[in-house]
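Peer 1: query.cif is reproduced in full below (mmCIF, C-alpha atoms).
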data_coords
loop_
_atom_site.label_atom_id
_atom_site.label_comp_id
_atom_site.auth_asym_id
_atom_site.auth_seq_id
_atom_site.Cartn_x
_atom_site.Cartn_y
_atom_site.Cartn_z
CA MET I 17 15.00 114.85 83.14
CA GLY I 18 16.49 111.39 82.43
CA PHE I 19 15.35 108.70 80.06
CA VAL I 20 12.61 106.18 80.73
CA GLU I 21 14.23 103.74 83.12
CA TYR I 22 14.50 100.12 82.06
CA PRO I 23 17.52 97.92 82.43
CA VAL I 24 19.83 96.81 79.65
CA PRO I 25 18.97 93.08 79.20
CA ASP I 26 21.53 90.60 80.57
CA GLU I 27 22.13 89.06 77.16
CA ILE I 28 23.02 92.48 75.72
CA HIS I 29 25.60 93.02 78.49
CA PHE I 30 26.87 89.58 77.61
CA LEU I 31 27.00 90.43 73.89
CA CYS I 32 29.07 93.53 74.69
CA LEU I 33 31.38 91.39 76.79
CA LEU I 34 31.90 88.99 73.86
CA HIS I 35 32.80 92.00 71.72
CA ASN I 36 35.17 93.47 74.29
CA ILE I 37 37.06 90.22 74.79
CA GLY I 38 37.54 90.00 71.03
CA ALA I 39 35.20 87.20 69.87
CA THR I 40 34.34 89.25 66.80
CA SER I 41 35.04 86.83 63.97
CA PHE I 42 35.24 83.12 63.15
CA ASP I 43 39.03 83.05 63.55
CA ARG I 44 38.69 84.56 67.02
CA SER I 45 35.83 82.40 68.23
CA LEU I 46 35.90 81.17 71.84
CA SER I 47 34.67 78.08 73.66
CA VAL I 48 32.14 78.17 76.49
CA GLU I 49 34.95 77.46 78.94
CA GLU I 50 37.06 80.37 77.65
CA ILE I 51 34.11 82.77 77.74
CA SER I 52 33.22 81.50 81.19
CA ARG I 53 36.68 82.43 82.47
CA TRP I 54 36.60 85.92 80.89
CA ALA I 55 33.09 86.61 82.14
CA ALA I 56 33.54 85.02 85.59
CA MET I 57 30.23 83.25 84.94
CA GLU I 58 29.15 79.65 85.35
CA PRO I 59 29.32 77.73 82.02
CA GLU I 60 25.59 76.98 82.20
CA ASN I 61 24.81 80.68 82.52
CA VAL I 62 27.14 81.39 79.58
CA ARG I 63 25.34 78.75 77.47
CA GLN I 64 21.92 80.26 78.27
CA ASN I 65 23.05 83.73 77.18
CA LEU I 66 24.66 82.33 74.04
CA GLU I 67 21.46 80.47 73.09
CA LYS I 68 19.42 83.70 73.36
CA LEU I 69 21.94 85.56 71.21
CA ILE I 70 22.11 82.76 68.62
CA SER I 71 18.30 82.82 68.30
CA GLY I 72 18.52 86.55 67.54
CA SER I 73 21.31 85.91 64.97
CA TYR I 74 23.71 88.03 66.99
CA VAL I 75 26.11 85.15 67.66
CA SER I 76 27.24 82.21 65.51
CA VAL I 77 28.72 78.90 66.59
CA SER I 78 31.13 76.71 64.70
CA SER I 79 32.80 73.55 66.04
CA GLY I 80 31.75 74.42 69.59
CA LYS I 81 33.24 77.91 69.46
CA TYR I 82 31.26 81.16 69.49
CA TYR I 83 31.70 84.56 67.87
CA ILE I 84 29.62 87.70 67.22
CA THR I 85 28.01 88.18 63.81
CA THR I 86 27.96 91.48 61.92
CA SER I 87 24.43 92.09 63.30
CA GLY I 88 25.83 91.49 66.77
CA ILE I 89 28.60 94.03 66.24
CA ILE I 90 26.06 96.60 65.01
CA LYS I 91 23.95 95.91 68.12
CA VAL I 92 26.99 96.46 70.37
CA LEU I 93 27.93 99.67 68.59
CA SER I 94 24.37 100.96 69.12
CA MET I 95 25.21 101.08 72.83
CA TYR I 96 28.05 103.52 72.55
CA SER I 97 27.49 105.99 69.71
CA MET B 15 42.69 105.31 61.61
CA THR B 16 39.70 103.30 62.72
CA LEU B 17 38.60 100.04 64.29
CA GLU B 18 38.80 96.82 62.32
CA PHE B 19 35.54 95.35 61.04
CA PRO B 20 34.91 91.79 59.83
CA GLY B 21 35.37 91.61 56.06
CA ALA B 22 36.94 95.06 55.75
CA PRO B 23 40.61 95.27 54.66
CA ALA B 24 43.32 96.37 57.09
CA PHE B 25 44.20 99.14 54.62
CA GLU B 26 42.40 100.75 51.69
CA ASP B 27 42.63 103.94 49.68
CA VAL B 28 39.16 105.52 49.45
CA ASP B 29 39.30 108.36 46.92
CA GLY B 30 42.68 109.42 48.29
CA ALA B 31 41.86 108.89 51.95
CA LYS B 32 44.20 106.26 53.37
CA VAL B 33 42.11 104.16 55.73
CA HIS B 34 43.98 102.03 58.28
CA ARG B 35 41.88 99.59 60.34
CA VAL B 36 43.48 98.76 63.64
CA ARG B 37 43.45 95.22 64.97
CA ILE B 38 43.13 94.98 68.74
CA GLU B 39 45.43 92.27 70.04
CA LEU B 40 44.12 92.20 73.59
CA GLY B 41 40.60 92.07 75.00
CA ASN B 42 39.03 93.15 78.25
CA PRO B 43 35.46 92.59 79.48
CA ASP B 44 35.18 96.20 80.65
CA PHE B 45 34.28 98.55 77.79
CA VAL B 46 36.19 101.59 79.01
CA THR B 47 39.33 99.49 79.58
CA TRP B 48 38.81 97.97 76.13
CA THR B 49 38.62 101.52 74.70
CA PHE B 50 41.98 102.45 76.21
CA ILE B 51 43.51 99.26 74.78
CA PHE B 52 42.04 100.16 71.37
CA ASN B 53 43.61 103.62 71.68
CA HIS B 54 46.97 102.07 72.52
CA PHE B 55 46.89 100.12 69.25
CA ILE B 56 45.99 103.31 67.33
CA GLU B 57 49.00 105.06 68.90
CA LYS B 58 51.23 102.14 67.99
CA LYS B 59 50.04 102.32 64.35
CA VAL B 60 50.49 106.11 64.20
CA ALA B 61 53.98 105.78 65.65
CA ALA B 62 54.92 103.27 62.94
CA LEU B 63 53.39 105.39 60.16
CA SER B 64 55.00 108.59 61.40
CA ARG B 65 58.41 107.19 60.40
CA VAL B 66 57.35 107.31 56.74
CA VAL B 67 54.51 109.87 56.63
CA GLY B 68 54.77 113.55 57.55
CA PHE B 69 51.55 114.29 59.39
CA ASP B 70 50.46 117.95 59.59
CA LEU B 71 47.51 117.73 61.93
CA ILE B 72 45.61 115.28 64.13
CA HIS B 73 41.80 115.20 63.84
CA VAL B 74 40.08 113.19 66.54
CA HIS B 75 36.39 112.25 66.73
CA ASP B 76 34.69 111.85 70.12
CA TRP B 77 35.99 110.37 73.36
CA LEU B 78 36.41 106.89 71.88
CA THR B 79 39.64 107.95 70.17
CA ALA B 80 40.51 110.97 72.33
CA PRO B 81 43.34 109.32 74.32
CA ALA B 82 45.17 108.39 71.09
CA GLY B 83 44.55 111.82 69.56
CA LEU B 84 45.92 113.60 72.62
CA ALA B 85 48.97 111.34 72.82
CA CYS B 86 49.69 111.78 69.09
CA LYS B 87 49.38 115.56 69.41
CA HIS B 88 52.18 115.58 71.97
CA PHE B 89 54.55 112.93 70.68
CA LEU B 90 54.32 114.23 67.11
CA ASN B 91 54.17 117.86 68.28
CA LYS B 92 51.30 118.59 65.87
CA HIS B 93 48.07 120.57 65.99
CA LEU B 94 44.86 118.93 67.15
CA VAL B 95 41.29 119.40 65.88
CA ALA B 96 38.53 117.71 67.87
CA THR B 97 35.05 116.90 66.60
CA VAL B 98 32.42 116.32 69.27
CA HIS B 99 29.44 114.51 67.74
CA SER B 100 27.57 114.25 71.06
CA THR B 101 28.34 114.46 74.76
CA GLU B 102 28.05 111.90 77.54
CA VAL B 103 25.98 114.30 79.61
CA GLY B 104 23.54 114.62 76.70
CA ARG B 105 23.46 110.96 75.70
CA ALA B 106 22.88 109.78 79.26
CA GLN B 107 20.83 112.87 80.23
CA GLY B 108 23.20 113.46 83.14
CA LEU B 109 26.26 111.78 84.62
CA HIS B 110 25.05 108.72 86.52
CA SER B 111 28.07 106.43 86.86
CA PRO B 112 31.85 106.50 87.37
CA ASN B 113 32.32 105.63 83.69
CA SER B 114 30.11 108.56 82.69
CA TYR B 115 32.31 110.93 84.71
CA LEU B 116 35.43 109.48 83.07
CA ILE B 117 33.95 109.86 79.57
CA ASP B 118 32.80 113.40 80.38
CA GLY B 119 36.36 114.19 81.53
CA LEU B 120 37.84 112.83 78.30
CA GLU B 121 35.40 114.94 76.28
CA TRP B 122 36.42 118.06 78.18
CA TRP B 123 40.10 117.18 77.78
CA MET B 124 39.91 116.76 73.99
CA THR B 125 38.09 120.09 73.60
CA TYR B 126 40.63 121.79 75.90
CA GLU B 127 43.63 120.41 73.97
CA GLY B 128 42.15 120.95 70.51
CA GLU B 129 43.18 124.17 68.77
CA ARG B 130 39.76 124.04 67.10
CA VAL B 131 36.59 122.16 68.00
CA ILE B 132 34.04 121.10 65.39
CA VAL B 133 30.38 120.43 66.16
CA CYS B 134 27.46 119.61 63.88
CA SER B 135 24.92 122.18 65.10
CA HIS B 136 24.50 125.43 67.01
CA SER B 137 22.67 123.42 69.64
CA MET B 138 25.82 121.33 70.22
CA LYS B 139 27.92 124.49 70.31
CA SER B 140 25.74 125.87 73.11
CA GLU B 141 25.97 122.55 74.93
CA LEU B 142 29.79 122.61 74.86
CA VAL B 143 30.01 126.28 75.85
CA ASP B 144 27.60 125.73 78.76
CA HIS B 145 28.91 122.39 79.99
CA PHE B 146 32.67 122.60 79.31
CA ARG B 147 33.07 126.40 79.40
CA ILE B 148 34.84 126.36 76.03
CA PRO B 149 35.35 129.80 74.45
CA PRO B 150 32.68 129.99 71.71
CA GLU B 151 35.17 131.44 69.21
CA LYS B 152 37.13 128.18 69.34
CA ILE B 153 34.14 126.21 68.02
CA THR B 154 33.16 125.84 64.35
CA VAL B 155 29.70 124.59 63.42
CA ILE B 156 29.86 122.31 60.39
CA PRO B 157 26.54 120.57 59.71
CA ASN B 158 26.37 116.98 58.58
CA ALA B 159 25.45 116.46 54.95
CA VAL B 160 23.51 114.20 52.65
CA ASP B 161 24.16 113.04 49.10
CA SER B 162 20.82 114.00 47.54
CA SER B 163 21.61 112.13 44.32
CA GLN B 164 21.26 108.83 46.22
CA TYR B 165 17.60 109.62 46.74
CA GLU B 166 16.80 110.61 43.17
CA THR B 167 15.53 107.19 42.18
CA VAL B 168 12.11 106.12 41.01
CA VAL B 169 10.63 103.82 43.62
CA ASP B 170 7.65 101.52 43.11
CA ARG B 171 5.86 102.39 46.33
CA GLU B 172 3.32 99.60 45.99
CA ALA B 173 6.07 97.03 45.54
CA VAL B 174 7.79 98.29 48.70
CA LYS B 175 4.50 98.05 50.60
CA ARG B 176 3.94 94.52 49.35
CA ARG B 177 7.42 93.54 50.59
CA TYR B 178 6.38 94.63 54.05
CA GLY B 179 2.99 92.91 53.88
CA MET B 180 0.97 96.07 53.32
CA GLU B 181 -1.90 97.01 51.02
CA ALA B 182 -1.53 99.72 48.37
CA HIS B 183 -3.87 102.06 50.29
CA ASP B 184 -1.96 101.70 53.59
CA LYS B 185 -0.09 104.74 54.84
CA ILE B 186 3.43 104.12 56.11
CA VAL B 187 4.53 105.89 59.28
CA LEU B 188 8.31 105.31 59.32
CA LEU B 189 10.87 105.58 62.11
CA VAL B 190 14.56 105.04 61.40
CA GLY B 191 17.13 104.95 64.17
CA ARG B 192 19.01 103.07 66.83
CA LEU B 193 16.60 101.48 69.27
CA VAL B 194 17.96 103.09 72.42
CA PRO B 195 16.22 105.39 74.96
CA GLN B 196 17.85 108.51 73.46
CA LYS B 197 15.75 108.04 70.31
CA GLY B 198 12.42 108.28 72.18
CA VAL B 199 10.85 105.43 70.19
CA GLU B 200 8.38 104.65 73.00
CA HIS B 201 6.74 108.05 72.43
CA LEU B 202 5.81 107.00 68.88
CA VAL B 203 4.57 103.64 70.20
CA ASN B 204 2.43 105.45 72.78
CA ALA B 205 1.01 107.65 70.01
CA VAL B 206 -0.03 104.69 67.83
CA PRO B 207 -3.64 104.42 69.17
CA SER B 208 -4.30 108.11 68.61
CA ILE B 209 -2.84 108.01 65.08
CA VAL B 210 -4.85 104.89 64.18
CA GLN B 211 -8.03 106.46 65.53
CA ASN B 212 -7.66 109.28 62.99
CA ASN B 213 -6.02 107.30 60.17
CA SER B 214 -7.33 103.77 60.00
CA ASP B 215 -4.91 102.95 57.14
CA ALA B 216 -1.82 103.86 59.15
CA LYS B 217 0.86 101.15 59.42
CA PHE B 218 4.13 101.59 61.26
CA ILE B 219 7.62 100.49 60.27
CA ILE B 220 10.46 100.79 62.76
CA ALA B 221 13.85 100.31 61.08
CA GLY B 222 16.98 99.91 63.18
CA ASP B 223 18.26 97.82 66.03
CA GLY B 224 19.51 98.38 69.54
CA TRP B 225 19.35 97.11 73.08
CA SER B 226 15.84 98.54 73.70
CA ARG B 227 14.28 96.43 70.94
CA ASN B 228 12.74 93.73 73.17
CA HIS B 229 11.34 96.35 75.53
CA LEU B 230 9.78 98.25 72.62
CA GLU B 231 8.33 95.11 71.03
CA ASN B 232 6.67 94.30 74.36
CA LEU B 233 5.40 97.86 74.64
CA VAL B 234 3.83 97.64 71.17
CA ARG B 235 1.83 94.58 72.29
CA THR B 236 0.22 96.66 75.05
CA THR B 237 -1.19 99.12 72.50
CA ARG B 238 -3.52 96.43 71.02
CA HIS B 239 -2.22 97.53 67.61
CA GLY B 240 0.68 95.09 67.43
CA ASP B 241 -0.43 93.88 63.98
CA ARG B 242 0.15 97.38 62.59
CA VAL B 243 3.71 97.84 63.85
CA ARG B 244 6.68 96.05 62.25
CA PHE B 245 10.22 96.05 63.58
CA VAL B 246 12.37 95.36 60.52
CA GLY B 247 15.80 95.63 62.15
CA PHE B 248 18.87 97.01 60.46
CA VAL B 249 18.28 97.71 56.74
CA SER B 250 20.79 98.32 53.95
CA ASP B 251 21.33 101.81 52.52
CA SER B 252 19.48 100.93 49.31
CA GLU B 253 16.53 99.48 51.22
CA LEU B 254 16.44 102.58 53.41
CA VAL B 255 16.17 104.81 50.33
CA GLU B 256 13.22 102.74 49.08
CA LEU B 257 11.53 102.71 52.49
CA MET B 258 11.83 106.47 52.83
CA ALA B 259 10.53 107.08 49.32
CA ALA B 260 7.55 104.81 50.00
CA ALA B 261 6.71 106.28 53.40
CA ASP B 262 3.94 108.82 53.99
CA VAL B 263 5.60 110.39 57.02
CA LEU B 264 8.97 110.05 58.78
CA VAL B 265 8.83 110.44 62.56
CA ILE B 266 11.88 111.43 64.65
CA PRO B 267 10.85 111.36 68.33
CA SER B 268 14.37 111.77 69.81
CA ILE B 269 14.92 113.09 73.31
CA TYR B 270 18.52 114.10 72.58
CA GLU B 271 19.74 114.73 69.05
CA PRO B 272 22.89 116.77 68.32
CA PHE B 273 22.04 116.91 64.60
CA GLY B 274 19.50 114.40 63.32
CA ILE B 275 20.88 113.30 59.96
CA VAL B 276 17.87 111.04 59.42
CA ALA B 277 15.79 114.21 59.03
CA LEU B 278 18.02 115.35 56.16
CA GLU B 279 17.80 111.90 54.56
CA GLY B 280 14.01 112.00 54.79
CA MET B 281 13.89 115.49 53.32
CA ALA B 282 16.10 114.37 50.41
CA ALA B 283 13.91 111.31 49.86
CA GLY B 284 10.76 113.43 49.61
CA VAL B 285 8.97 112.17 52.69
CA PRO B 286 7.41 114.73 55.06
CA VAL B 287 9.36 114.89 58.31
CA VAL B 288 7.85 115.37 61.76
CA ALA B 289 10.42 115.69 64.55
CA ALA B 290 10.78 116.41 68.24
CA ASN B 291 11.76 119.99 69.05
CA VAL B 292 15.17 119.13 70.45
CA GLY B 293 18.81 119.91 69.59
CA GLY B 294 19.88 120.01 65.97
CA LEU B 295 16.46 118.88 64.73
CA THR B 296 15.15 122.41 65.33
CA GLU B 297 17.85 123.71 62.96
CA VAL B 298 17.26 121.18 60.18
CA VAL B 299 13.46 121.27 60.37
CA ASP B 300 11.82 124.69 60.02
CA ASP B 301 8.48 124.16 61.74
CA GLY B 302 5.60 124.54 59.29
CA LYS B 303 7.92 125.01 56.33
CA THR B 304 10.31 122.07 55.84
CA GLY B 305 8.60 119.78 58.35
CA LEU B 306 6.60 119.86 61.55
CA LEU B 307 8.00 119.95 65.09
CA PHE B 308 6.27 118.43 68.12
CA ASN B 309 6.98 118.62 71.83
CA ALA B 310 9.57 116.01 72.82
CA ARG B 311 8.30 113.17 75.06
CA ASP B 312 4.70 114.14 74.20
CA PRO B 313 2.76 111.41 72.29
CA GLN B 314 -0.27 113.69 71.94
CA SER B 315 1.77 116.44 70.28
CA LEU B 316 3.51 113.80 68.13
CA SER B 317 0.23 112.26 66.97
CA TRP B 318 -1.17 115.68 66.08
CA THR B 319 1.69 116.31 63.62
CA VAL B 320 1.48 112.81 62.12
CA ASN B 321 -2.30 113.12 61.70
CA LYS B 322 -1.90 116.55 60.12
CA VAL B 323 0.52 115.25 57.48
CA LEU B 324 -1.46 112.06 56.77
CA SER B 325 -4.81 113.85 56.41
CA ASP B 326 -3.70 117.02 54.60
CA PRO B 327 -2.03 116.23 51.22
CA ALA B 328 -1.55 119.93 50.44
CA CYS B 329 0.36 120.44 53.68
CA SER B 330 2.40 117.32 53.00
CA ASP B 331 3.30 118.48 49.47
CA TRP B 332 4.24 121.96 50.75
CA LEU B 333 6.61 120.49 53.35
CA ILE B 334 8.21 118.12 50.82
CA ARG B 335 8.75 120.89 48.27
CA ASN B 336 10.40 123.24 50.78
CA ALA B 337 12.47 120.45 52.34
CA LYS B 338 13.87 119.40 48.95
CA LYS B 339 15.08 122.97 48.42
CA LYS B 340 16.57 123.27 51.90
CA VAL B 341 18.45 119.99 51.74
CA GLN B 342 20.53 121.28 48.79
CA ALA B 343 22.47 123.44 51.27
CA TYR B 344 23.69 120.36 53.13
CA SER B 345 26.21 119.00 50.62
CA TRP B 346 29.33 116.99 51.41
CA SER B 347 31.40 119.43 49.32
CA ALA B 348 30.33 122.28 51.63
CA THR B 349 31.13 120.17 54.69
CA ALA B 350 34.56 119.30 53.24
CA ARG B 351 35.32 122.94 52.41
CA ARG B 352 34.43 124.11 55.94
CA THR B 353 36.53 121.31 57.44
CA VAL B 354 39.59 122.33 55.40
CA GLU B 355 39.05 125.96 56.47
CA THR B 356 39.01 124.79 60.09
CA TYR B 357 42.27 122.83 59.57
CA GLU B 358 43.84 126.02 58.18
CA LEU B 359 42.72 127.97 61.25
CA ALA B 360 44.19 125.29 63.53
CA LEU B 361 47.47 125.42 61.61
CA GLY B 362 47.57 129.18 62.14
CA GLY B 363 46.64 130.09 58.57
#
Translate the structure described by the file into structure tokens.

Peer 2:
Amino acid sequence: MGFVEYPVPDEIHFLCLLHNIGATSFDRSLSVEEISRWAAMEPENVRQNLEKLISGSYVSVSSGKYYITTSGIIKVLSMYS
Amino acid sequence: MTLEFPGAPAFEDVDGAKVHRVRIELGNPDFVTWTFIFNHFIEKKVAALSRVVGFDLIHVHDWLTAPAGLACKHFLNKHLVATVHSTEVGRAQGLHSPNSYLIDGLEWWMTYEGERVIVCSHSMKSELVDHFRIPPEKITVIPNAVDSSQYETVVDREAVKRRYGMEAHDKIVLLVGRLVPQKGVEHLVNAVPSIVQNNSDAKFIIAGDGWSRNHLENLVRTTRHGDRVRFVGFVSDSELVELMAAADVLVIPSIYEPFGIVALEGMAAGVPVVAANVGGLTEVVDDGKTGLLFNARDPQSLSWTVNKVLSDPACSDWLIRNAKKKVQAYSWSATARRTVETYELALGG
């Protein structure tokens, strides 16, 4: 018997992607354009996902560049342990 | 050797354990590919260290570092010990994707190559013997442990309740865990109406975070008891101790649980534990003695055990007393001693 089926939300997939491409600290923060290239997503779509994650305090922004917070890293790690 | 973490030093000596945190110099959007890149940087670090350090044995934990462990075993020509904390087939309740098959293969590979395999419970041992066909004599069961002294603090329960917006007479039903399907949190949510019907003072605190959180918060709203359930997110170790000490019952509704360390923590903190009858939980919790077990995925069975503990102080006290005695057996010194014995076996001692 499997688990109750419900999909992993898009913004969580996106958060994992930010982690995997290395945007895990201020000194490794990335612009929307850079994330857009890594994710093969339209910049507008990237911005929407980032806004959701910022509202949950999982992502921070500084000088137009984005990186995952400690809470965000913990959320990502919850996927895989 | 472990993954870097923001704010943590690249190297530190923790009571004699030399901890190296590996920086990953290359990213990849795909998690499995990222994992192999991470392993490459571990291998690179081990290769550099091996020029100045004489390693005796490689100890690898789970598939996430298995490729590096296997490579190090062969290029250093050293013995390998593998700890399997959980399996992909258990976590995902089956193998449902190409990545799952790859992870399952890596788990088999590390147990095949390891001279010894360590697991945290007899339940996990059975799982490995059944799924990977590992000879049982190759596996050592070493339970997880808890530092009971951390829980021997006097906690002002009313102050804790006030912090969470509760009245002194409210009863706290606590859940602590990652908010992912494996933890079965929805079964507690589905049991809320039945618990409230029998215990009108019951309030629920769900501590932890995970990708299911939004789904669970929406599910809580459908119970019409949303005002009684608080999701408090990730809490610090010290806050967790206070929460556990203030709680009236700790619920562990997991669907898959190789060990269930949160049960041990609850037992050390003196809160009665009610847990699903799965995996390692059935070894930590002796039903009717050190806690109560309920049928996994069964909100009715779950609510019966919660109601029993909340409405029967004598039963609650009995469980707490026995649990405090049992938890003494799960010390870190015992875990360390068994681990060293396993290293000696792997080295041919």

Peer 1: Give as a PyMOL selection string every residue of chain I that touches chain B within 10 Å, counting only C-alpha atoms.

Peer 2: chain I and resi 17-25+27-30+32-42+54-56+84-97

Peer 1: With the file shown as input, list the residues that the PyMOL selection byres ((chain B and resi 214) around 12) selects, as a list in words.

Peer 2: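 Given this file, the PyMOL selection byres ((chain B and resi 214) around 12) evaluates to His183, Asp184, Lys185, Ile186, Val206, Pro207, Ser208, Ile209, Val210, Gln211, Asn212, Asn213, Asp215, Ala216, Lys217, Phe218, His239, Arg242, Asn321, Leu324 and Ser325 of chain B.
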
Peer 1: Using Å and a single decimal, report how far CA of Val243 (chain B) sits from CA of Asn291 (chain B).

Peer 2: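 Computing it gives 24.1 Å between the two atoms.
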
Peer 1: Quick one: residues within 6 Å of Lys81 (chain I), only C-alpha atoms counted, chain neighbours fewer than 4 positions away excluded, as a compact mmCIF listing (two decimals) with C-alpha atoms, in the frame of the given file?

Peer 2:
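Writing the result to around_13.txt gives the following:
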# COMPACT_ATOMS: atom_id res chain seq x y z
CA SER I 45 35.83 82.40 68.23
CA LEU I 46 35.90 81.17 71.84
CA SER I 47 34.67 78.08 73.66
CA VAL I 77 28.72 78.90 66.59

Peer 1: Please identify all polymer residues within 7 Å of Asn158 (chain B), counting only C-alpha atoms, omitting same-chain residues fewer than 3 positions from it, and present them as a ChimeraX atom specification.

Peer 2: /B:134,275,344,349

Peer 1: Looking at all atoms listed in the file, which of B:Arg35, B:Lys59, B:Arg130, B:Arg238 is the one that sits closest to Gly362 (chain B)?

Peer 2: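 Smallest separation from Gly362 (chain B) among the options: B:Arg130.
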